[in-house]
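query_22.pdb (PDB, C-alpha atoms) appears below.
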```pdb
MODEL        1
ATOM      1  CA  MET A   1    -151.095  51.130  12.798  1.00  0.00           C
ATOM      2  CA  PRO A   2    -150.304  47.764  11.178  1.00  0.00           C
ATOM      3  CA  ALA A   3    -152.564  44.882  12.048  1.00  0.00           C
ATOM      4  CA  ARG A   4    -151.122  42.197  14.274  1.00  0.00           C
ATOM      5  CA  PRO A   5    -150.736  38.804  12.676  1.00  0.00           C
ATOM      6  CA  ARG A   6    -153.398  36.414  13.863  1.00  0.00           C
ATOM      7  CA  ARG A   7    -152.288  33.420  15.827  1.00  0.00           C
ATOM      8  CA  ALA A   8    -153.773  30.088  14.980  1.00  0.00           C
ATOM      9  CA  SER A   9    -156.521  29.243  17.421  1.00  0.00           C
ATOM     10  CA  ALA A  10    -155.984  26.166  19.567  1.00  0.00           C
ATOM     11  CA  ARG A  11    -158.384  23.323  19.051  1.00  0.00           C
ATOM     12  CA  VAL A  12    -160.184  23.048  22.370  1.00  0.00           C
ATOM     13  CA  ALA A  13    -162.874  20.512  21.509  1.00  0.00           C
ATOM     14  CA  THR A  14    -160.944  17.830  19.630  1.00  0.00           C
ATOM     15  CA  ARG A  15    -163.373  15.041  20.541  1.00  0.00           C
ATOM     16  CA  THR A  16    -160.443  12.601  20.556  1.00  0.00           C
ATOM     17  CA  GLY A  17    -161.055  11.933  24.260  1.00  0.00           C
ATOM     18  CA  ASP A  18    -164.715  11.086  23.915  1.00  0.00           C
ATOM     19  CA  GLY A  19    -163.959   7.374  24.283  1.00  0.00           C
ATOM     20  CA  GLY A  20    -162.076   7.779  27.562  1.00  0.00           C
ATOM     21  CA  GLU A  21    -158.550   8.046  26.159  1.00  0.00           C
ATOM     22  CA  THR A  22    -156.120  10.956  25.979  1.00  0.00           C
ATOM     23  CA  SER A  23    -152.669  11.578  24.598  1.00  0.00           C
ATOM     24  CA  LEU A  24    -149.415  11.774  26.453  1.00  0.00           C
ATOM     25  CA  PHE A  25    -146.685  14.065  25.108  1.00  0.00           C
ATOM     26  CA  GLY A  26    -146.190  12.256  21.841  1.00  0.00           C
ATOM     27  CA  LYS A  27    -148.356   9.764  20.033  1.00  0.00           C
ATOM     28  CA  GLU A  28    -149.055   7.360  22.904  1.00  0.00           C
ATOM     29  CA  ARG A  29    -152.670   7.301  24.034  1.00  0.00           C
ATOM     30  CA  VAL A  30    -153.758   6.094  27.453  1.00  0.00           C
ATOM     31  CA  ARG A  31    -156.976   5.694  29.378  1.00  0.00           C
ATOM     32  CA  LYS A  32    -158.002   8.744  31.366  1.00  0.00           C
ATOM     33  CA  THR A  33    -157.736   6.537  34.451  1.00  0.00           C
ATOM     34  CA  ASP A  34    -153.981   6.078  33.856  1.00  0.00           C
ATOM     35  CA  PRO A  35    -151.999   7.106  36.970  1.00  0.00           C
ATOM     36  CA  ARG A  36    -150.096   9.701  34.922  1.00  0.00           C
ATOM     37  CA  ILE A  37    -153.342  11.400  33.966  1.00  0.00           C
ATOM     38  CA  ALA A  38    -154.463  11.417  37.617  1.00  0.00           C
ATOM     39  CA  ALA A  39    -151.120  12.969  38.597  1.00  0.00           C
ATOM     40  CA  LEU A  40    -151.384  15.534  35.804  1.00  0.00           C
ATOM     41  CA  GLY A  41    -154.867  16.508  36.973  1.00  0.00           C
ATOM     42  CA  ASP A  42    -153.629  17.107  40.504  1.00  0.00           C
ATOM     43  CA  LEU A  43    -150.576  19.029  39.270  1.00  0.00           C
ATOM     44  CA  ASP A  44    -152.818  21.156  37.058  1.00  0.00           C
ATOM     45  CA  GLU A  45    -155.086  21.870  40.011  1.00  0.00           C
ATOM     46  CA  ALA A  46    -152.071  22.810  42.152  1.00  0.00           C
ATOM     47  CA  GLN A  47    -150.956  25.230  39.483  1.00  0.00           C
ATOM     48  CA  ALA A  48    -154.424  26.778  39.281  1.00  0.00           C
ATOM     49  CA  VAL A  49    -154.552  27.303  43.047  1.00  0.00           C
ATOM     50  CA  LEU A  50    -151.064  28.831  42.952  1.00  0.00           C
ATOM     51  CA  GLY A  51    -152.368  31.172  40.262  1.00  0.00           C
ATOM     52  CA  LEU A  52    -155.201  32.147  42.590  1.00  0.00           C
ATOM     53  CA  ALA A  53    -152.656  32.890  45.335  1.00  0.00           C
ATOM     54  CA  ARG A  54    -150.458  34.846  42.921  1.00  0.00           C
ATOM     55  CA  SER A  55    -153.420  36.973  41.881  1.00  0.00           C
ATOM     56  CA  GLN A  56    -153.550  38.200  45.481  1.00  0.00           C
ATOM     57  CA  ALA A  57    -149.887  39.291  45.411  1.00  0.00           C
ATOM     58  CA  PRO A  58    -149.677  41.229  42.144  1.00  0.00           C
ATOM     59  CA  ARG A  59    -146.490  43.058  41.192  1.00  0.00           C
ATOM     60  CA  SER A  60    -144.576  41.788  44.215  1.00  0.00           C
ATOM     61  CA  SER A  61    -141.462  39.725  44.727  1.00  0.00           C
ATOM     62  CA  LEU A  62    -143.648  37.036  46.288  1.00  0.00           C
ATOM     63  CA  GLY A  63    -145.920  37.077  43.244  1.00  0.00           C
ATOM     64  CA  ARG A  64    -142.872  36.589  41.004  1.00  0.00           C
ATOM     65  CA  GLU A  65    -141.664  33.732  43.235  1.00  0.00           C
ATOM     66  CA  ILE A  66    -145.056  32.041  42.968  1.00  0.00           C
ATOM     67  CA  LEU A  67    -144.959  32.456  39.178  1.00  0.00           C
ATOM     68  CA  GLU A  68    -141.587  30.647  39.159  1.00  0.00           C
ATOM     69  CA  LEU A  69    -143.157  27.828  41.181  1.00  0.00           C
ATOM     70  CA  GLU A  70    -146.002  27.631  38.667  1.00  0.00           C
ATOM     71  CA  GLN A  71    -143.459  27.443  35.847  1.00  0.00           C
ATOM     72  CA  GLY A  72    -141.687  24.655  37.723  1.00  0.00           C
ATOM     73  CA  LEU A  73    -144.976  22.768  37.889  1.00  0.00           C
ATOM     74  CA  TYR A  74    -145.201  23.032  34.085  1.00  0.00           C
ATOM     75  CA  VAL A  75    -141.828  21.308  33.865  1.00  0.00           C
ATOM     76  CA  VAL A  76    -143.029  18.602  36.272  1.00  0.00           C
ATOM     77  CA  MET A  77    -146.201  18.114  34.219  1.00  0.00           C
ATOM     78  CA  ALA A  78    -144.232  17.823  30.989  1.00  0.00           C
ATOM     79  CA  GLU A  79    -142.020  15.176  32.541  1.00  0.00           C
ATOM     80  CA  VAL A  80    -144.970  13.182  33.906  1.00  0.00           C
ATOM     81  CA  ALA A  81    -146.776  13.453  30.546  1.00  0.00           C
ATOM     82  CA  THR A  82    -143.793  12.203  28.545  1.00  0.00           C
ATOM     83  CA  PRO A  83    -143.221   8.469  28.092  1.00  0.00           C
ATOM     84  CA  GLN A  84    -139.821   7.355  29.434  1.00  0.00           C
ATOM     85  CA  GLY A  85    -138.447   6.701  25.942  1.00  0.00           C
ATOM     86  CA  ASP A  86    -139.286  10.235  24.781  1.00  0.00           C
ATOM     87  CA  LEU A  87    -137.791  12.259  27.655  1.00  0.00           C
ATOM     88  CA  SER A  88    -135.001  13.508  25.394  1.00  0.00           C
ATOM     89  CA  ARG A  89    -137.659  15.585  23.598  1.00  0.00           C
ATOM     90  CA  LEU A  90    -138.040  17.817  26.657  1.00  0.00           C
ATOM     91  CA  LYS A  91    -136.125  21.089  26.640  1.00  0.00           C
ATOM     92  CA  GLU A  92    -136.121  21.236  30.436  1.00  0.00           C
ATOM     93  CA  ARG A  93    -136.467  18.709  33.253  1.00  0.00           C
ATOM     94  CA  ILE A  94    -136.527  18.802  37.007  1.00  0.00           C
ATOM     95  CA  ASP A  95    -132.974  18.067  38.114  1.00  0.00           C
ATOM     96  CA  ALA A  96    -130.742  18.338  41.185  1.00  0.00           C
ATOM     97  CA  PRO A  97    -130.156  22.097  40.695  1.00  0.00           C
ATOM     98  CA  ALA A  98    -133.940  22.644  40.583  1.00  0.00           C
ATOM     99  CA  VAL A  99    -134.320  20.795  43.886  1.00  0.00           C
ATOM    100  CA  ALA A 100    -131.401  22.766  45.345  1.00  0.00           C
ATOM    101  CA  GLY A 101    -133.088  25.994  44.235  1.00  0.00           C
ATOM    102  CA  LEU A 102    -136.208  25.106  46.200  1.00  0.00           C
ATOM    103  CA  ASP A 103    -134.030  24.140  49.171  1.00  0.00           C
ATOM    104  CA  ARG A 104    -132.450  27.615  49.083  1.00  0.00           C
ATOM    105  CA  ALA A 105    -135.817  29.339  48.791  1.00  0.00           C
ATOM    106  CA  LEU A 106    -137.112  27.274  51.711  1.00  0.00           C
ATOM    107  CA  GLU A 107    -134.132  28.205  53.890  1.00  0.00           C
ATOM    108  CA  VAL A 108    -134.544  31.907  53.105  1.00  0.00           C
ATOM    109  CA  ALA A 109    -138.266  31.748  53.888  1.00  0.00           C
ATOM    110  CA  LYS A 110    -137.672  29.858  57.149  1.00  0.00           C
ATOM    111  CA  LYS A 111    -135.129  32.468  58.303  1.00  0.00           C
ATOM    112  CA  ARG A 112    -137.724  35.211  57.788  1.00  0.00           C
ATOM    113  CA  THR A 113    -140.550  33.226  59.384  1.00  0.00           C
ATOM    114  CA  PRO A 114    -140.097  31.284  62.624  1.00  0.00           C
ATOM    115  CA  ILE A 115    -142.351  28.243  62.502  1.00  0.00           C
ATOM    116  CA  GLU A 116    -144.163  27.345  65.714  1.00  0.00           C
ATOM    117  CA  GLY A 117    -144.466  23.680  66.667  1.00  0.00           C
ATOM    118  CA  ARG A 118    -148.243  23.551  66.527  1.00  0.00           C
ATOM    119  CA  PHE A 119    -151.011  22.520  64.206  1.00  0.00           C
ATOM    120  CA  VAL A 120    -152.222  25.253  61.918  1.00  0.00           C
ATOM    121  CA  VAL A 121    -155.816  26.118  61.167  1.00  0.00           C
ATOM    122  CA  PRO A 122    -155.730  27.676  57.676  1.00  0.00           C
ATOM    123  CA  GLY A 123    -157.651  30.822  56.888  1.00  0.00           C
ATOM    124  CA  GLU A 124    -155.935  33.667  58.718  1.00  0.00           C
ATOM    125  CA  ASN A 125    -156.366  35.589  55.456  1.00  0.00           C
ATOM    126  CA  ARG A 126    -157.266  34.816  51.839  1.00  0.00           C
ATOM    127  CA  PHE A 127    -153.665  34.754  50.657  1.00  0.00           C
ATOM    128  CA  SER A 128    -152.420  32.306  53.289  1.00  0.00           C
ATOM    129  CA  ALA A 129    -155.538  30.171  52.768  1.00  0.00           C
ATOM    130  CA  ALA A 130    -154.819  30.003  49.014  1.00  0.00           C
ATOM    131  CA  LEU A 131    -151.196  28.998  49.740  1.00  0.00           C
ATOM    132  CA  ASP A 132    -152.374  26.313  52.177  1.00  0.00           C
ATOM    133  CA  HIS A 133    -154.878  25.085  49.596  1.00  0.00           C
ATOM    134  CA  ALA A 134    -152.096  24.890  47.007  1.00  0.00           C
ATOM    135  CA  ARG A 135    -149.911  23.022  49.527  1.00  0.00           C
ATOM    136  CA  THR A 136    -152.568  20.366  50.096  1.00  0.00           C
ATOM    137  CA  VAL A 137    -153.118  19.892  46.366  1.00  0.00           C
ATOM    138  CA  VAL A 138    -149.337  19.611  45.819  1.00  0.00           C
ATOM    139  CA  ARG A 139    -149.237  16.912  48.533  1.00  0.00           C
ATOM    140  CA  ARG A 140    -152.012  15.011  46.724  1.00  0.00           C
ATOM    141  CA  ALA A 141    -150.170  15.409  43.422  1.00  0.00           C
ATOM    142  CA  GLU A 142    -147.002  14.146  45.090  1.00  0.00           C
ATOM    143  CA  ARG A 143    -148.842  10.996  46.202  1.00  0.00           C
ATOM    144  CA  GLN A 144    -150.040  10.448  42.620  1.00  0.00           C
ATOM    145  CA  VAL A 145    -146.509  10.923  41.275  1.00  0.00           C
ATOM    146  CA  VAL A 146    -145.274   8.381  43.858  1.00  0.00           C
ATOM    147  CA  ARG A 147    -147.801   5.947  42.398  1.00  0.00           C
ATOM    148  CA  CYS A 148    -146.414   6.654  38.911  1.00  0.00           C
ATOM    149  CA  VAL A 149    -142.883   6.057  40.203  1.00  0.00           C
ATOM    150  CA  ASP A 150    -143.957   2.823  41.896  1.00  0.00           C
ATOM    151  CA  ASP A 151    -145.582   1.689  38.626  1.00  0.00           C
ATOM    152  CA  GLY A 152    -142.344   2.453  36.720  1.00  0.00           C
ATOM    153  CA  LEU A 153    -143.986   5.175  34.615  1.00  0.00           C
ATOM    154  CA  VAL A 154    -141.756   8.081  35.707  1.00  0.00           C
ATOM    155  CA  SER A 155    -138.497   8.563  37.540  1.00  0.00           C
ATOM    156  CA  GLY A 156    -138.888  10.027  40.995  1.00  0.00           C
ATOM    157  CA  GLU A 157    -135.220  10.815  41.496  1.00  0.00           C
ATOM    158  CA  HIS A 158    -135.765  14.573  41.258  1.00  0.00           C
ATOM    159  CA  LEU A 159    -139.535  14.913  40.842  1.00  0.00           C
ATOM    160  CA  LEU A 160    -140.372  13.602  44.301  1.00  0.00           C
ATOM    161  CA  PRO A 161    -137.893  15.770  46.249  1.00  0.00           C
ATOM    162  CA  TRP A 162    -138.935  18.819  44.199  1.00  0.00           C
ATOM    163  CA  LEU A 163    -142.630  18.293  44.954  1.00  0.00           C
ATOM    164  CA  ASN A 164    -141.871  17.625  48.612  1.00  0.00           C
ATOM    165  CA  ARG A 165    -139.850  20.852  48.901  1.00  0.00           C
ATOM    166  CA  LEU A 166    -142.555  22.756  47.058  1.00  0.00           C
ATOM    167  CA  SER A 167    -145.197  21.814  49.616  1.00  0.00           C
ATOM    168  CA  ASP A 168    -142.788  22.653  52.465  1.00  0.00           C
ATOM    169  CA  LEU A 169    -142.097  26.055  50.907  1.00  0.00           C
ATOM    170  CA  LEU A 170    -145.807  26.747  50.462  1.00  0.00           C
ATOM    171  CA  PHE A 171    -146.371  25.923  54.137  1.00  0.00           C
ATOM    172  CA  VAL A 172    -143.721  28.441  55.209  1.00  0.00           C
ATOM    173  CA  LEU A 173    -144.972  31.108  52.793  1.00  0.00           C
ATOM    174  CA  ALA A 174    -148.496  30.662  54.162  1.00  0.00           C
ATOM    175  CA  ARG A 175    -147.195  31.068  57.726  1.00  0.00           C
ATOM    176  CA  ALA A 176    -145.335  34.210  56.692  1.00  0.00           C
ATOM    177  CA  SER A 177    -148.602  35.570  55.298  1.00  0.00           C
ATOM    178  CA  ASP A 178    -150.398  34.624  58.525  1.00  0.00           C
ATOM    179  CA  ARG A 179    -147.840  36.563  60.567  1.00  0.00           C
ATOM    180  CA  GLY A 180    -148.273  39.637  58.417  1.00  0.00           C
ATOM    181  CA  SER A 181    -152.024  39.457  58.906  1.00  0.00           C
ATOM    182  CA  ARG A 182    -151.749  39.094  62.706  1.00  0.00           C
ATOM    183  CA  ALA A 183    -149.298  41.996  62.890  1.00  0.00           C
ATOM    184  CA  LYS A 184    -151.843  44.262  61.160  1.00  0.00           C
ATOM    185  CA  GLY A 185    -154.843  43.039  63.135  1.00  0.00           C
TER     186      GLY A 185
ENDMDL
END
```

Could I get this structure in the form of structure tokens?
Amino acid sequence: MPARPRRASARVATRTGDGGETSLFGKERVRKTDPRIAALGDLDEAQAVLGLARSQAPRSSLGREILELEQGLYVVMAEVATPQGDLSRLKERIDAPAVAGLDRALEVAKKRTPIEGRFVVPGENRFSAALDHARTVVRRAERQVVRCVDDGLVSGEHLLPWLNRLSDLLFVLARASDRGSRAKG
């Protein structure tokens, strides 16, 4: 059997951030306290929590849907990490069709899951709790992206509605998971 070609190993410890600065997508360096870096941290955390949720729905249509949401977060992160003058470098951006896609997914999920007009205490099961956790982190990330928009660092035209719809969709998906758990118990 022929040996697989070795991929170059990523440099993990570059030490270029030891002084409190990091790179955006491109050559621009900013302080790690820059609002874009705070937003990127929250978006990264949201993606990690979505990955935790997805790990509890392996080989399912819901798991594939969550993977698509994670991939959408990568697009959001790329856009937040790219200085305004370099956005043309991005192969993909969040746009009106991306927002419309989340709107459609939200409508489908709401039709399957009636939402009661009450406060929710998360934790009916591990899966719904992970989705609720992801929802709260997405809301925090959304607030950080709003700050970036307010500071003129990113355009919120499509990013803000997309993030808002994402957290709404995660809420409904968590409620759907709650219902499934109650039906079994």

Just want the 12 Å neighbourhood of segment 96-99 of chain A, counted on all atoms listed in the file, with same-chain residues fewer than 5 positions away dropped. Output as a short mmCIF file (atom, residue, chain, number, x, y, z; two decimals) with C-alpha atoms, keeping the file's coordinate frame.
```cif
data_model
loop_
_atom_site.label_atom_id
_atom_site.label_comp_id
_atom_site.auth_asym_id
_atom_site.auth_seq_id
_atom_site.Cartn_x
_atom_site.Cartn_y
_atom_site.Cartn_z
CA GLU A 68 -141.59 30.65 39.16
CA LEU A 69 -143.16 27.83 41.18
CA GLN A 71 -143.46 27.44 35.85
CA GLY A 72 -141.69 24.66 37.72
CA LEU A 73 -144.98 22.77 37.89
CA VAL A 75 -141.83 21.31 33.86
CA VAL A 76 -143.03 18.60 36.27
CA ARG A 104 -132.45 27.62 49.08
CA ALA A 105 -135.82 29.34 48.79
CA LEU A 106 -137.11 27.27 51.71
CA GLY A 156 -138.89 10.03 41.00
CA GLU A 157 -135.22 10.82 41.50
CA HIS A 158 -135.76 14.57 41.26
CA LEU A 159 -139.54 14.91 40.84
CA LEU A 160 -140.37 13.60 44.30
CA PRO A 161 -137.89 15.77 46.25
CA TRP A 162 -138.94 18.82 44.20
CA LEU A 163 -142.63 18.29 44.95
CA ASN A 164 -141.87 17.62 48.61
CA ARG A 165 -139.85 20.85 48.90
CA LEU A 166 -142.56 22.76 47.06
CA LEU A 169 -142.10 26.06 50.91
#
```

Just so the selection is clear, what residues does the PyMOL selection byres ((chain A and resi 132) around 8) cover here, as a PDB file with C-alpha atoms, in the frame of the given file?
```pdb
ATOM      1  CA  PRO A 122    -155.730  27.676  57.676  1.00  0.00           C
ATOM      2  CA  SER A 128    -152.420  32.306  53.289  1.00  0.00           C
ATOM      3  CA  ALA A 129    -155.538  30.171  52.768  1.00  0.00           C
ATOM      4  CA  ALA A 130    -154.819  30.003  49.014  1.00  0.00           C
ATOM      5  CA  LEU A 131    -151.196  28.998  49.740  1.00  0.00           C
ATOM      6  CA  HIS A 133    -154.878  25.085  49.596  1.00  0.00           C
ATOM      7  CA  ALA A 134    -152.096  24.890  47.007  1.00  0.00           C
ATOM      8  CA  ARG A 135    -149.911  23.022  49.527  1.00  0.00           C
ATOM      9  CA  THR A 136    -152.568  20.366  50.096  1.00  0.00           C
ATOM     10  CA  LEU A 170    -145.807  26.747  50.462  1.00  0.00           C
ATOM     11  CA  PHE A 171    -146.371  25.923  54.137  1.00  0.00           C
ATOM     12  CA  ALA A 174    -148.496  30.662  54.162  1.00  0.00           C
TER      13      ALA A 174
END
```

Computed interatomic separation between atom CA of Gly20 of chain A and atom CA of Val145 of chain A (Å):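 Interatomic distance here is 21.0 Å.
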
Ground truth for the PyMOL selection byres ((chain A and resi 40-54) around 7), written as a PyMOL selection string: chain A and resi 36-39+55-58+63+66+70+73+77+127+130-131+133-134+137-138+140-141

I'd like the neighbourhood of Leu87 of chain A as an mmCIF file with C-alpha atoms, in the frame of the given file, where a residue qualifies if any of its atoms comes within 10 Å (using all atoms listed in the file), though same-chain residues fewer than 6 positions away should be ignored.
```
data_model
loop_
_atom_site.group_PDB
_atom_site.id
_atom_site.type_symbol
_atom_site.label_atom_id
_atom_site.label_comp_id
_atom_site.auth_asym_id
_atom_site.auth_seq_id
_atom_site.Cartn_x
_atom_site.Cartn_y
_atom_site.Cartn_z
ATOM 1 C CA PHE A 25 -146.685 14.065 25.108
ATOM 2 C CA ALA A 78 -144.232 17.823 30.989
ATOM 3 C CA GLU A 79 -142.020 15.176 32.541
ATOM 4 C CA VAL A 80 -144.970 13.182 33.906
ATOM 5 C CA ALA A 81 -146.776 13.453 30.546
ATOM 6 C CA ARG A 93 -136.467 18.709 33.253
ATOM 7 C CA VAL A 154 -141.756 8.081 35.707
#
```

Selection result of the PyMOL selection byres ((chain A and resi 28) around 12) on this file, as a PyMOL selection string: chain A and resi 21-27+29-31+81-86

Among the residues A:Asp103, A:Phe119, A:Arg139, A:Gln144, the one that comes closest to Thr33 of chain A [using all atoms listed in the file]: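 Nearest to Thr33 of chain A: A:Gln144.
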